[in-house]
>>> print(open('protein_31.txt').read())   # compact mmCIF, N, CA and C atoms
# COMPACT_ATOMS: atom_id res chain seq x y z
N MET A 1 0.85 -1.18 0.00
CA MET A 1 0.00 0.00 0.00
C MET A 1 0.89 1.24 0.00
N LYS A 2 0.57 2.22 -0.85
CA LYS A 2 1.33 3.46 -0.95
C LYS A 2 0.88 4.45 0.12
N GLN A 3 1.81 5.20 0.63
CA GLN A 3 1.50 6.21 1.63
C GLN A 3 2.01 7.55 1.15
N SER A 4 1.25 8.60 1.41
CA SER A 4 1.63 9.97 1.06
C SER A 4 1.58 10.81 2.32
N THR A 5 2.49 11.77 2.40
CA THR A 5 2.56 12.63 3.58
C THR A 5 2.40 14.09 3.17
N ILE A 6 1.54 14.80 3.88
CA ILE A 6 1.38 16.23 3.69
C ILE A 6 1.86 16.89 4.98
N THR A 7 2.77 17.84 4.84
CA THR A 7 3.35 18.53 5.99
C THR A 7 2.97 20.00 5.94
N VAL A 8 2.47 20.51 7.07
CA VAL A 8 2.13 21.92 7.19
C VAL A 8 2.99 22.51 8.30
N ASN A 9 3.67 23.61 8.00
CA ASN A 9 4.49 24.32 8.99
C ASN A 9 3.88 25.68 9.24
N VAL A 10 3.70 26.03 10.52
CA VAL A 10 3.14 27.32 10.89
C VAL A 10 4.12 28.01 11.83
N THR A 11 4.57 29.20 11.44
CA THR A 11 5.44 30.01 12.29
C THR A 11 4.56 31.01 13.02
N LEU A 12 4.66 31.02 14.36
CA LEU A 12 3.83 31.89 15.19
C LEU A 12 4.64 33.04 15.75
N ASP A 13 3.97 34.18 16.00
CA ASP A 13 4.63 35.27 16.68
C ASP A 13 4.55 35.05 18.19
N GLU A 14 4.97 36.02 18.97
CA GLU A 14 4.99 35.86 20.42
C GLU A 14 3.59 35.71 21.03
N ASN A 15 2.56 36.15 20.28
CA ASN A 15 1.17 36.02 20.74
C ASN A 15 0.47 34.80 20.13
N LYS A 16 1.26 33.93 19.54
CA LYS A 16 0.77 32.71 18.90
C LYS A 16 -0.16 32.98 17.72
N VAL A 17 0.08 34.11 17.04
CA VAL A 17 -0.64 34.45 15.82
C VAL A 17 0.21 34.00 14.63
N PRO A 18 -0.36 33.29 13.68
CA PRO A 18 0.44 32.81 12.54
C PRO A 18 1.08 33.95 11.76
N GLN A 19 2.38 33.84 11.54
CA GLN A 19 3.12 34.81 10.73
C GLN A 19 3.43 34.24 9.36
N HIS A 20 3.61 32.93 9.29
CA HIS A 20 3.97 32.29 8.02
C HIS A 20 3.44 30.87 8.02
N ILE A 21 2.91 30.47 6.86
CA ILE A 21 2.43 29.11 6.66
C ILE A 21 3.06 28.57 5.39
N ASP A 22 3.60 27.37 5.46
CA ASP A 22 4.03 26.69 4.24
C ASP A 22 3.69 25.22 4.35
N TRP A 23 3.65 24.57 3.20
CA TRP A 23 3.26 23.16 3.17
C TRP A 23 3.99 22.45 2.05
N SER A 24 4.05 21.14 2.18
CA SER A 24 4.63 20.30 1.13
C SER A 24 3.92 18.95 1.16
N ALA A 25 3.96 18.27 0.03
CA ALA A 25 3.35 16.95 -0.07
C ALA A 25 4.35 16.01 -0.72
N SER A 26 4.44 14.81 -0.19
CA SER A 26 5.43 13.85 -0.69
C SER A 26 5.16 13.45 -2.14
N ASP A 27 3.92 13.50 -2.59
CA ASP A 27 3.60 13.13 -3.97
C ASP A 27 3.49 14.33 -4.90
N SER A 28 3.86 15.50 -4.44
CA SER A 28 3.76 16.71 -5.25
C SER A 28 4.90 16.78 -6.26
N THR A 29 4.64 17.45 -7.35
CA THR A 29 5.69 17.68 -8.35
C THR A 29 6.54 18.89 -7.97
N ALA A 30 6.09 19.68 -6.99
CA ALA A 30 6.85 20.84 -6.54
C ALA A 30 8.04 20.39 -5.70
N ASP A 31 9.20 20.97 -6.01
CA ASP A 31 10.42 20.61 -5.29
C ASP A 31 10.60 21.40 -3.99
N VAL A 32 9.90 22.51 -3.87
CA VAL A 32 10.07 23.38 -2.70
C VAL A 32 8.75 23.49 -1.95
N LYS A 33 8.83 23.91 -0.70
CA LYS A 33 7.63 24.13 0.10
C LYS A 33 6.80 25.25 -0.54
N GLN A 34 5.50 25.13 -0.43
CA GLN A 34 4.58 26.12 -0.98
C GLN A 34 4.11 27.06 0.12
N ASP A 35 4.26 28.37 -0.11
CA ASP A 35 3.80 29.35 0.86
C ASP A 35 2.29 29.51 0.78
N ALA A 36 1.68 29.87 1.90
CA ALA A 36 0.25 30.13 1.95
C ALA A 36 -0.02 31.22 2.97
N LYS A 37 -1.02 32.04 2.70
CA LYS A 37 -1.44 33.05 3.67
C LYS A 37 -2.54 32.54 4.57
N ALA A 38 -3.23 31.47 4.13
CA ALA A 38 -4.32 30.92 4.93
C ALA A 38 -4.48 29.44 4.61
N MET A 39 -5.15 28.74 5.52
CA MET A 39 -5.43 27.31 5.31
C MET A 39 -6.70 26.93 6.04
N MET A 40 -7.37 25.92 5.49
CA MET A 40 -8.51 25.29 6.15
C MET A 40 -8.28 23.80 6.04
N LEU A 41 -8.38 23.13 7.15
CA LEU A 41 -8.18 21.69 7.17
C LEU A 41 -9.32 21.09 7.99
N ALA A 42 -9.98 20.10 7.41
CA ALA A 42 -11.12 19.48 8.10
C ALA A 42 -10.98 17.97 8.05
N PHE A 43 -11.32 17.34 9.15
CA PHE A 43 -11.35 15.89 9.25
C PHE A 43 -12.73 15.48 9.72
N TRP A 44 -13.22 14.33 9.22
CA TRP A 44 -14.50 13.80 9.67
C TRP A 44 -14.24 12.69 10.66
N ASP A 45 -14.76 12.84 11.85
CA ASP A 45 -14.67 11.81 12.87
C ASP A 45 -15.93 10.95 12.76
N GLY A 46 -15.80 9.77 12.17
CA GLY A 46 -16.93 8.90 11.95
C GLY A 46 -17.55 8.38 13.23
N ALA A 47 -16.75 8.19 14.27
CA ALA A 47 -17.28 7.69 15.54
C ALA A 47 -18.15 8.74 16.22
N ASP A 48 -17.68 9.99 16.25
CA ASP A 48 -18.43 11.07 16.89
C ASP A 48 -19.40 11.77 15.93
N LYS A 49 -19.29 11.45 14.64
CA LYS A 49 -20.11 12.11 13.61
C LYS A 49 -19.96 13.62 13.70
N SER A 50 -18.70 14.06 13.73
CA SER A 50 -18.45 15.50 13.83
C SER A 50 -17.21 15.88 13.01
N ALA A 51 -17.21 17.13 12.58
CA ALA A 51 -16.07 17.67 11.84
C ALA A 51 -15.10 18.32 12.81
N MET A 52 -13.84 18.06 12.59
CA MET A 52 -12.78 18.72 13.36
C MET A 52 -12.03 19.59 12.37
N ARG A 53 -11.85 20.86 12.73
CA ARG A 53 -11.30 21.82 11.77
C ARG A 53 -10.14 22.60 12.35
N ILE A 54 -9.25 22.98 11.44
CA ILE A 54 -8.18 23.92 11.76
C ILE A 54 -8.24 25.00 10.69
N ASP A 55 -8.51 26.22 11.08
CA ASP A 55 -8.53 27.37 10.18
C ASP A 55 -7.48 28.36 10.67
N LEU A 56 -6.53 28.66 9.84
CA LEU A 56 -5.47 29.61 10.21
C LEU A 56 -5.25 30.59 9.07
N TRP A 57 -4.87 31.82 9.42
CA TRP A 57 -4.46 32.79 8.41
C TRP A 57 -3.41 33.69 9.03
N THR A 58 -2.55 34.19 8.16
CA THR A 58 -1.45 35.04 8.62
C THR A 58 -1.92 36.48 8.78
N LYS A 59 -1.10 37.26 9.48
CA LYS A 59 -1.43 38.66 9.72
C LYS A 59 -1.52 39.47 8.43
N ASP A 60 -0.82 39.04 7.39
CA ASP A 60 -0.83 39.82 6.16
C ASP A 60 -1.91 39.37 5.16
N MET A 61 -2.81 38.51 5.59
CA MET A 61 -3.94 38.11 4.75
C MET A 61 -4.94 39.26 4.71
N MET A 62 -5.17 39.79 3.53
CA MET A 62 -6.07 40.93 3.37
C MET A 62 -7.52 40.46 3.34
N VAL A 63 -8.45 41.35 3.68
CA VAL A 63 -9.86 41.01 3.73
C VAL A 63 -10.35 40.55 2.36
N ASP A 64 -9.93 41.22 1.29
CA ASP A 64 -10.37 40.82 -0.04
C ASP A 64 -9.81 39.45 -0.42
N GLU A 65 -8.61 39.14 0.05
CA GLU A 65 -8.05 37.81 -0.18
C GLU A 65 -8.85 36.75 0.57
N MET A 66 -9.29 37.08 1.79
CA MET A 66 -10.09 36.14 2.57
C MET A 66 -11.41 35.87 1.87
N ALA A 67 -12.03 36.90 1.31
CA ALA A 67 -13.29 36.71 0.58
C ALA A 67 -13.06 35.82 -0.65
N ASP A 68 -11.98 36.06 -1.38
CA ASP A 68 -11.66 35.20 -2.53
C ASP A 68 -11.43 33.76 -2.08
N PHE A 69 -10.70 33.60 -0.99
CA PHE A 69 -10.39 32.27 -0.45
C PHE A 69 -11.68 31.53 -0.09
N TYR A 70 -12.59 32.22 0.60
CA TYR A 70 -13.84 31.58 0.99
C TYR A 70 -14.70 31.26 -0.22
N TYR A 71 -14.78 32.18 -1.17
CA TYR A 71 -15.57 31.93 -2.38
C TYR A 71 -15.04 30.71 -3.12
N GLN A 72 -13.74 30.68 -3.36
CA GLN A 72 -13.15 29.55 -4.08
C GLN A 72 -13.29 28.25 -3.31
N THR A 73 -13.17 28.30 -1.98
CA THR A 73 -13.32 27.10 -1.16
C THR A 73 -14.75 26.59 -1.22
N MET A 74 -15.73 27.50 -1.12
CA MET A 74 -17.13 27.06 -1.19
C MET A 74 -17.44 26.44 -2.55
N MET A 75 -16.93 27.05 -3.63
CA MET A 75 -17.16 26.49 -4.97
C MET A 75 -16.49 25.12 -5.10
N GLY A 76 -15.30 24.99 -4.56
CA GLY A 76 -14.60 23.70 -4.60
C GLY A 76 -15.31 22.64 -3.78
N MET A 77 -15.84 23.03 -2.62
CA MET A 77 -16.59 22.09 -1.80
C MET A 77 -17.84 21.61 -2.53
N ALA A 78 -18.47 22.52 -3.26
CA ALA A 78 -19.66 22.15 -4.03
C ALA A 78 -19.28 21.12 -5.11
N ASP A 79 -18.18 21.35 -5.80
CA ASP A 79 -17.73 20.39 -6.82
C ASP A 79 -17.42 19.03 -6.21
N THR A 80 -16.78 19.03 -5.06
CA THR A 80 -16.47 17.78 -4.37
C THR A 80 -17.74 17.06 -3.95
N TYR A 81 -18.72 17.82 -3.44
CA TYR A 81 -19.98 17.23 -3.03
C TYR A 81 -20.70 16.60 -4.22
N LEU A 82 -20.62 17.25 -5.38
CA LEU A 82 -21.25 16.69 -6.58
C LEU A 82 -20.60 15.37 -6.96
N ARG A 83 -19.27 15.33 -6.95
CA ARG A 83 -18.57 14.08 -7.29
C ARG A 83 -18.92 12.96 -6.31
N ALA A 84 -19.12 13.32 -5.04
CA ALA A 84 -19.39 12.31 -4.02
C ALA A 84 -20.84 11.84 -4.01
N THR A 85 -21.79 12.74 -4.37
CA THR A 85 -23.20 12.42 -4.16
C THR A 85 -24.07 12.47 -5.40
N GLN A 86 -23.62 13.15 -6.43
CA GLN A 86 -24.42 13.38 -7.65
C GLN A 86 -25.69 14.17 -7.37
N GLN A 87 -25.72 14.95 -6.31
CA GLN A 87 -26.88 15.76 -5.93
C GLN A 87 -26.79 17.15 -6.59
N GLN A 88 -27.10 17.22 -7.88
CA GLN A 88 -26.93 18.44 -8.66
C GLN A 88 -27.71 19.62 -8.08
N ASP A 89 -28.95 19.41 -7.64
CA ASP A 89 -29.76 20.51 -7.10
C ASP A 89 -29.12 21.12 -5.86
N LEU A 90 -28.62 20.28 -4.97
CA LEU A 90 -27.97 20.80 -3.76
C LEU A 90 -26.68 21.54 -4.11
N VAL A 91 -25.96 21.03 -5.09
CA VAL A 91 -24.71 21.67 -5.51
C VAL A 91 -25.00 23.05 -6.10
N GLU A 92 -26.05 23.16 -6.89
CA GLU A 92 -26.43 24.46 -7.44
C GLU A 92 -26.77 25.43 -6.32
N ASP A 93 -27.47 24.95 -5.28
CA ASP A 93 -27.77 25.79 -4.12
C ASP A 93 -26.49 26.28 -3.45
N MET A 94 -25.54 25.37 -3.28
CA MET A 94 -24.27 25.74 -2.64
C MET A 94 -23.53 26.78 -3.48
N LYS A 95 -23.50 26.57 -4.79
CA LYS A 95 -22.79 27.52 -5.67
C LYS A 95 -23.50 28.86 -5.71
N ASN A 96 -24.83 28.85 -5.71
CA ASN A 96 -25.56 30.12 -5.68
C ASN A 96 -25.30 30.87 -4.38
N HIS A 97 -25.20 30.13 -3.27
CA HIS A 97 -24.87 30.78 -1.99
C HIS A 97 -23.47 31.40 -2.07
N ALA A 98 -22.51 30.68 -2.62
CA ALA A 98 -21.15 31.20 -2.74
C ALA A 98 -21.13 32.46 -3.59
N LYS A 99 -21.87 32.45 -4.70
CA LYS A 99 -21.93 33.64 -5.57
C LYS A 99 -22.58 34.81 -4.86
N SER A 100 -23.66 34.54 -4.11
CA SER A 100 -24.33 35.59 -3.36
C SER A 100 -23.40 36.17 -2.29
N PHE A 101 -22.70 35.30 -1.58
CA PHE A 101 -21.72 35.72 -0.57
C PHE A 101 -20.70 36.67 -1.20
N TYR A 102 -20.14 36.28 -2.34
CA TYR A 102 -19.08 37.08 -2.96
C TYR A 102 -19.63 38.41 -3.48
N LYS A 103 -20.83 38.38 -4.03
CA LYS A 103 -21.47 39.61 -4.53
C LYS A 103 -21.70 40.57 -3.36
N LYS A 104 -22.22 40.07 -2.24
CA LYS A 104 -22.46 40.92 -1.06
C LYS A 104 -21.15 41.47 -0.52
N PHE A 105 -20.09 40.66 -0.54
CA PHE A 105 -18.79 41.16 -0.08
C PHE A 105 -18.33 42.32 -0.95
N ARG A 106 -18.39 42.14 -2.26
CA ARG A 106 -17.94 43.19 -3.18
C ARG A 106 -18.77 44.45 -2.99
N GLU A 107 -20.08 44.32 -2.82
CA GLU A 107 -20.94 45.49 -2.59
C GLU A 107 -20.56 46.18 -1.29
N SER A 108 -20.25 45.42 -0.25
CA SER A 108 -19.86 46.03 1.02
C SER A 108 -18.54 46.79 0.90
N GLN A 109 -17.64 46.25 0.09
CA GLN A 109 -16.36 46.92 -0.14
C GLN A 109 -16.56 48.24 -0.88
N LEU A 110 -17.44 48.22 -1.88
CA LEU A 110 -17.74 49.45 -2.62
C LEU A 110 -18.36 50.50 -1.71
N ASN A 111 -19.29 50.07 -0.84
CA ASN A 111 -19.93 51.00 0.09
C ASN A 111 -18.94 51.59 1.09
N GLN A 112 -17.98 50.80 1.53
CA GLN A 112 -16.98 51.29 2.48
C GLN A 112 -16.04 52.30 1.83
N ASN A 113 -15.83 52.16 0.53
CA ASN A 113 -14.87 53.04 -0.17
C ASN A 113 -15.51 54.32 -0.70
N LYS A 114 -16.78 54.57 -0.39
CA LYS A 114 -17.45 55.80 -0.84
C LYS A 114 -17.12 56.95 0.04
>>> encode(input="protein_31.txt", output="structure tokens")
Amino acid sequence: MKQSTITVNVTLDENKVPQHIDWSASDSTADVKQDAKAMMLAFWDGADKSAMRIDLWTKDMMVDEMADFYYQTMMGMADTYLRATQQQDLVEDMKNHAKSFYKKFRESQLNQNK
């Protein structure tokens, strides 16, 4: 059986706030660690029927980058859900929610900049 390893490194400041995040995967074609400003990691605990999550972002992650990150993550989750369940109607609902979220974010940004 083949095994793959994903490594995440988080550098914290004196207040334990992430300053730098990088990651690497043993099966990746990338030769160097990949930098990231944010990460979301979720595991499903089948015994407890609950999700365990780690969400981290660095101090230099901008609000607009966070909105892009969430939008792309929600769209990706919808695609994954479709592959797993073939529930097209639910996936469309998820994608419409993601689009609505992003549209509202952009409108709020425009209103703040007036």
>>> closest_residue(input="protein_31.txt", among="A:Leu12, A:Met40, A:Ile6, A:Ala51", to="Ser26 in chain A", atoms="only C-alpha atoms")
A:Ile6
>>> atom_distance(input="protein_31.txt", atom1="CA of Ile54 in chain A", atom2="CA of Met94 in chain A")
21.7 Å
>>> atom_distance(input="protein_31.txt", atom1="CA of Asp27 in chain A", atom2="CA of Met77 in chain A")
22.2 Å
>>> atom_distance(input="protein_31.txt", atom1="CA of Asp55 in chain A", atom2="CA of Ser24 in chain A")
17.5 Å
>>> residues_around(input="protein_31.txt", residues="Val17 in chain A", least_positions_apart="3", cutoff="8 Å", atoms="all atoms listed in the file", output="JSON, numbers by chain")
{"A": [10, 11, 12, 13, 14, 20, 57, 58, 59]}
>>> residues_near_point(input="protein_31.txt", point="(-22.7, 30.7, -3.4)", cutoff="12 Å", atoms="only C-alpha atoms", output="PyMOL selection string")
chain A and resi 67-68+70-79+90-105
>>> select_by_dssp(input="protein_31.txt", residues="chain A", states="strand (DSSP E or B)", output="ChimeraX atom specification")
/A:6-12,18-25,34-36,38-45,50-57
>>> write_last_selection(input="protein_31.txt", atoms="N, CA and C atoms", output="mmCIF file, keeping the file's coordinate frame")
data_model
loop_
_atom_site.group_PDB
_atom_site.id
_atom_site.type_symbol
_atom_site.label_atom_id
_atom_site.label_comp_id
_atom_site.auth_asym_id
_atom_site.auth_seq_id
_atom_site.Cartn_x
_atom_site.Cartn_y
_atom_site.Cartn_z
ATOM 1 N N ILE A 6 1.540 14.800 3.880
ATOM 2 C CA ILE A 6 1.380 16.230 3.690
ATOM 3 C C ILE A 6 1.860 16.890 4.980
ATOM 4 N N THR A 7 2.770 17.840 4.840
ATOM 5 C CA THR A 7 3.350 18.530 5.990
ATOM 6 C C THR A 7 2.970 20.000 5.940
ATOM 7 N N VAL A 8 2.470 20.510 7.070
ATOM 8 C CA VAL A 8 2.130 21.920 7.190
ATOM 9 C C VAL A 8 2.990 22.510 8.300
ATOM 10 N N ASN A 9 3.670 23.610 8.000
ATOM 11 C CA ASN A 9 4.490 24.320 8.990
ATOM 12 C C ASN A 9 3.880 25.680 9.240
ATOM 13 N N VAL A 10 3.700 26.030 10.520
ATOM 14 C CA VAL A 10 3.140 27.320 10.890
ATOM 15 C C VAL A 10 4.120 28.010 11.830
ATOM 16 N N THR A 11 4.570 29.200 11.440
ATOM 17 C CA THR A 11 5.440 30.010 12.290
ATOM 18 C C THR A 11 4.560 31.010 13.020
ATOM 19 N N LEU A 12 4.660 31.020 14.360
ATOM 20 C CA LEU A 12 3.830 31.890 15.190
ATOM 21 C C LEU A 12 4.640 33.040 15.750
ATOM 22 N N PRO A 18 -0.360 33.290 13.680
ATOM 23 C CA PRO A 18 0.440 32.810 12.540
ATOM 24 C C PRO A 18 1.080 33.950 11.760
ATOM 25 N N GLN A 19 2.380 33.840 11.540
ATOM 26 C CA GLN A 19 3.120 34.810 10.730
ATOM 27 C C GLN A 19 3.430 34.240 9.360
ATOM 28 N N HIS A 20 3.610 32.930 9.290
ATOM 29 C CA HIS A 20 3.970 32.290 8.020
ATOM 30 C C HIS A 20 3.440 30.870 8.020
ATOM 31 N N ILE A 21 2.910 30.470 6.860
ATOM 32 C CA ILE A 21 2.430 29.110 6.660
ATOM 33 C C ILE A 21 3.060 28.570 5.390
ATOM 34 N N ASP A 22 3.600 27.370 5.460
ATOM 35 C CA ASP A 22 4.030 26.690 4.240
ATOM 36 C C ASP A 22 3.690 25.220 4.350
ATOM 37 N N TRP A 23 3.650 24.570 3.200
ATOM 38 C CA TRP A 23 3.260 23.160 3.170
ATOM 39 C C TRP A 23 3.990 22.450 2.050
ATOM 40 N N SER A 24 4.050 21.140 2.180
ATOM 41 C CA SER A 24 4.630 20.300 1.130
ATOM 42 C C SER A 24 3.920 18.950 1.160
ATOM 43 N N ALA A 25 3.960 18.270 0.030
ATOM 44 C CA ALA A 25 3.350 16.950 -0.070
ATOM 45 C C ALA A 25 4.350 16.010 -0.720
ATOM 46 N N GLN A 34 5.500 25.130 -0.430
ATOM 47 C CA GLN A 34 4.580 26.120 -0.980
ATOM 48 C C GLN A 34 4.110 27.060 0.120
ATOM 49 N N ASP A 35 4.260 28.370 -0.110
ATOM 50 C CA ASP A 35 3.800 29.350 0.860
ATOM 51 C C ASP A 35 2.290 29.510 0.780
ATOM 52 N N ALA A 36 1.680 29.870 1.900
ATOM 53 C CA ALA A 36 0.250 30.130 1.950
ATOM 54 C C ALA A 36 -0.020 31.220 2.970
ATOM 55 N N ALA A 38 -3.230 31.470 4.130
ATOM 56 C CA ALA A 38 -4.320 30.920 4.930
ATOM 57 C C ALA A 38 -4.480 29.440 4.610
ATOM 58 N N MET A 39 -5.150 28.740 5.520
ATOM 59 C CA MET A 39 -5.430 27.310 5.310
ATOM 60 C C MET A 39 -6.700 26.930 6.040
ATOM 61 N N MET A 40 -7.370 25.920 5.490
ATOM 62 C CA MET A 40 -8.510 25.290 6.150
ATOM 63 C C MET A 40 -8.280 23.800 6.040
ATOM 64 N N LEU A 41 -8.380 23.130 7.150
ATOM 65 C CA LEU A 41 -8.180 21.690 7.170
ATOM 66 C C LEU A 41 -9.320 21.090 7.990
ATOM 67 N N ALA A 42 -9.980 20.100 7.410
ATOM 68 C CA ALA A 42 -11.120 19.480 8.100
ATOM 69 C C ALA A 42 -10.980 17.970 8.050
ATOM 70 N N PHE A 43 -11.320 17.340 9.150
ATOM 71 C CA PHE A 43 -11.350 15.890 9.250
ATOM 72 C C PHE A 43 -12.730 15.480 9.720
ATOM 73 N N TRP A 44 -13.220 14.330 9.220
ATOM 74 C CA TRP A 44 -14.500 13.800 9.670
ATOM 75 C C TRP A 44 -14.240 12.690 10.660
ATOM 76 N N ASP A 45 -14.760 12.840 11.850
ATOM 77 C CA ASP A 45 -14.670 11.810 12.870
ATOM 78 C C ASP A 45 -15.930 10.950 12.760
ATOM 79 N N SER A 50 -18.700 14.060 13.730
ATOM 80 C CA SER A 50 -18.450 15.500 13.830
ATOM 81 C C SER A 50 -17.210 15.880 13.010
ATOM 82 N N ALA A 51 -17.210 17.130 12.580
ATOM 83 C CA ALA A 51 -16.070 17.670 11.840
ATOM 84 C C ALA A 51 -15.100 18.320 12.810
ATOM 85 N N MET A 52 -13.840 18.060 12.590
ATOM 86 C CA MET A 52 -12.780 18.720 13.360
ATOM 87 C C MET A 52 -12.030 19.590 12.370
ATOM 88 N N ARG A 53 -11.850 20.860 12.730
ATOM 89 C CA ARG A 53 -11.300 21.820 11.770
ATOM 90 C C ARG A 53 -10.140 22.600 12.350
ATOM 91 N N ILE A 54 -9.250 22.980 11.440
ATOM 92 C CA ILE A 54 -8.180 23.920 11.760
ATOM 93 C C ILE A 54 -8.240 25.000 10.690
ATOM 94 N N ASP A 55 -8.510 26.220 11.080
ATOM 95 C CA ASP A 55 -8.530 27.370 10.180
ATOM 96 C C ASP A 55 -7.480 28.360 10.670
ATOM 97 N N LEU A 56 -6.530 28.660 9.840
ATOM 98 C CA LEU A 56 -5.470 29.610 10.210
ATOM 99 C C LEU A 56 -5.250 30.590 9.070
ATOM 100 N N TRP A 57 -4.870 31.820 9.420
ATOM 101 C CA TRP A 57 -4.460 32.790 8.410
ATOM 102 C C TRP A 57 -3.410 33.690 9.030
#
>>> closest_residue(input="protein_31.txt", among="A:Lys37, A:Asn15, A:Ala30, A:Arg106", to="Met62 in chain A", atoms="all atoms listed in the file")
A:Lys37
>>> select_by_dssp(input="protein_31.txt", residues="chain A", states="alpha helix (DSSP H)", output="JSON, numbers by chain")
{"A": [63, 64, 65, 66, 67, 68, 69, 70, 71, 72, 73, 74, 75, 76, 77, 78, 79, 80, 81, 82, 83, 84, 85, 88, 89, 90, 91, 92, 93, 94, 95, 96, 97, 98, 99, 100, 101, 102, 103, 104, 105, 106, 107, 108, 109, 110, 111, 112]}
>>> closest_residue(input="protein_31.txt", among="A:Ala25, A:Met66, A:Ala38, A:Leu110", to="Ser4 in chain A", atoms="only C-alpha atoms")
A:Ala25
>>> decode(input="protein_31.txt", residues="range 107-113 of chain A", atoms="all heavy atoms", output="PDB file, in the first residue's frame")
ATOM      1  N   GLU A 107     -20.081  44.320  -2.821  1.00  0.00           N
ATOM      2  CA  GLU A 107     -20.938  45.486  -2.585  1.00  0.00           C
ATOM      3  C   GLU A 107     -20.557  46.184  -1.293  1.00  0.00           C
ATOM      4  O   GLU A 107     -20.521  47.418  -1.231  1.00  0.00           O
ATOM      5  CB  GLU A 107     -22.409  45.069  -2.553  1.00  0.00           C
ATOM      6  CG  GLU A 107     -22.949  44.671  -3.914  1.00  0.00           C
ATOM      7  CD  GLU A 107     -24.325  44.009  -3.850  1.00  0.00           C
ATOM      8  OE1 GLU A 107     -24.841  43.763  -2.720  1.00  0.00           O
ATOM      9  OE2 GLU A 107     -24.878  43.744  -4.936  1.00  0.00           O
ATOM     10  N   SER A 108     -20.253  45.419  -0.253  1.00  0.00           N
ATOM     11  CA  SER A 108     -19.864  46.029   1.024  1.00  0.00           C
ATOM     12  C   SER A 108     -18.542  46.785   0.896  1.00  0.00           C
ATOM     13  O   SER A 108     -18.362  47.841   1.491  1.00  0.00           O
ATOM     14  CB  SER A 108     -19.780  44.985   2.137  1.00  0.00           C
ATOM     15  OG  SER A 108     -18.647  44.160   1.995  1.00  0.00           O
ATOM     16  N   GLN A 109     -17.640  46.255   0.093  1.00  0.00           N
ATOM     17  CA  GLN A 109     -16.358  46.922  -0.136  1.00  0.00           C
ATOM     18  C   GLN A 109     -16.563  48.244  -0.875  1.00  0.00           C
ATOM     19  O   GLN A 109     -15.934  49.249  -0.547  1.00  0.00           O
ATOM     20  CB  GLN A 109     -15.400  46.031  -0.915  1.00  0.00           C
ATOM     21  CG  GLN A 109     -14.901  44.828  -0.136  1.00  0.00           C
ATOM     22  CD  GLN A 109     -14.088  45.243   1.069  1.00  0.00           C
ATOM     23  OE1 GLN A 109     -14.571  45.221   2.202  1.00  0.00           O
ATOM     24  NE2 GLN A 109     -12.860  45.626   0.859  1.00  0.00           N
ATOM     25  N   LEU A 110     -17.445  48.223  -1.881  1.00  0.00           N
ATOM     26  CA  LEU A 110     -17.738  49.454  -2.619  1.00  0.00           C
ATOM     27  C   LEU A 110     -18.364  50.505  -1.710  1.00  0.00           C
ATOM     28  O   LEU A 110     -18.028  51.686  -1.777  1.00  0.00           O
ATOM     29  CB  LEU A 110     -18.664  49.156  -3.803  1.00  0.00           C
ATOM     30  CG  LEU A 110     -18.034  48.378  -4.953  1.00  0.00           C
ATOM     31  CD1 LEU A 110     -19.093  47.996  -5.984  1.00  0.00           C
ATOM     32  CD2 LEU A 110     -16.927  49.194  -5.610  1.00  0.00           C
ATOM     33  N   ASN A 111     -19.286  50.074  -0.836  1.00  0.00           N
ATOM     34  CA  ASN A 111     -19.935  51.003   0.093  1.00  0.00           C
ATOM     35  C   ASN A 111     -18.943  51.588   1.090  1.00  0.00           C
ATOM     36  O   ASN A 111     -19.070  52.739   1.486  1.00  0.00           O
ATOM     37  CB  ASN A 111     -21.092  50.324   0.814  1.00  0.00           C
ATOM     38  CG  ASN A 111     -22.263  50.045  -0.091  1.00  0.00           C
ATOM     39  OD1 ASN A 111     -22.440  50.735  -1.100  1.00  0.00           O
ATOM     40  ND2 ASN A 111     -23.066  49.068   0.246  1.00  0.00           N
ATOM     41  N   GLN A 112     -17.981  50.802   1.526  1.00  0.00           N
ATOM     42  CA  GLN A 112     -16.976  51.288   2.475  1.00  0.00           C
ATOM     43  C   GLN A 112     -16.039  52.296   1.827  1.00  0.00           C
ATOM     44  O   GLN A 112     -15.503  53.172   2.500  1.00  0.00           O
ATOM     45  CB  GLN A 112     -16.151  50.139   3.042  1.00  0.00           C
ATOM     46  CG  GLN A 112     -16.883  49.305   4.051  1.00  0.00           C
ATOM     47  CD  GLN A 112     -16.008  48.186   4.603  1.00  0.00           C
ATOM     48  OE1 GLN A 112     -14.826  48.089   4.306  1.00  0.00           O
ATOM     49  NE2 GLN A 112     -16.615  47.321   5.389  1.00  0.00           N
ATOM     50  N   ASN A 113     -15.829  52.161   0.529  1.00  0.00           N
ATOM     51  CA  ASN A 113     -14.867  53.035  -0.165  1.00  0.00           C
ATOM     52  C   ASN A 113     -15.507  54.317  -0.699  1.00  0.00           C
ATOM     53  O   ASN A 113     -14.854  55.073  -1.389  1.00  0.00           O
ATOM     54  CB  ASN A 113     -14.210  52.257  -1.306  1.00  0.00           C
ATOM     55  CG  ASN A 113     -13.312  51.160  -0.794  1.00  0.00           C
ATOM     56  OD1 ASN A 113     -12.769  51.262   0.309  1.00  0.00           O
ATOM     57  ND2 ASN A 113     -13.147  50.105  -1.569  1.00  0.00           N
TER      58      ASN A 113
END
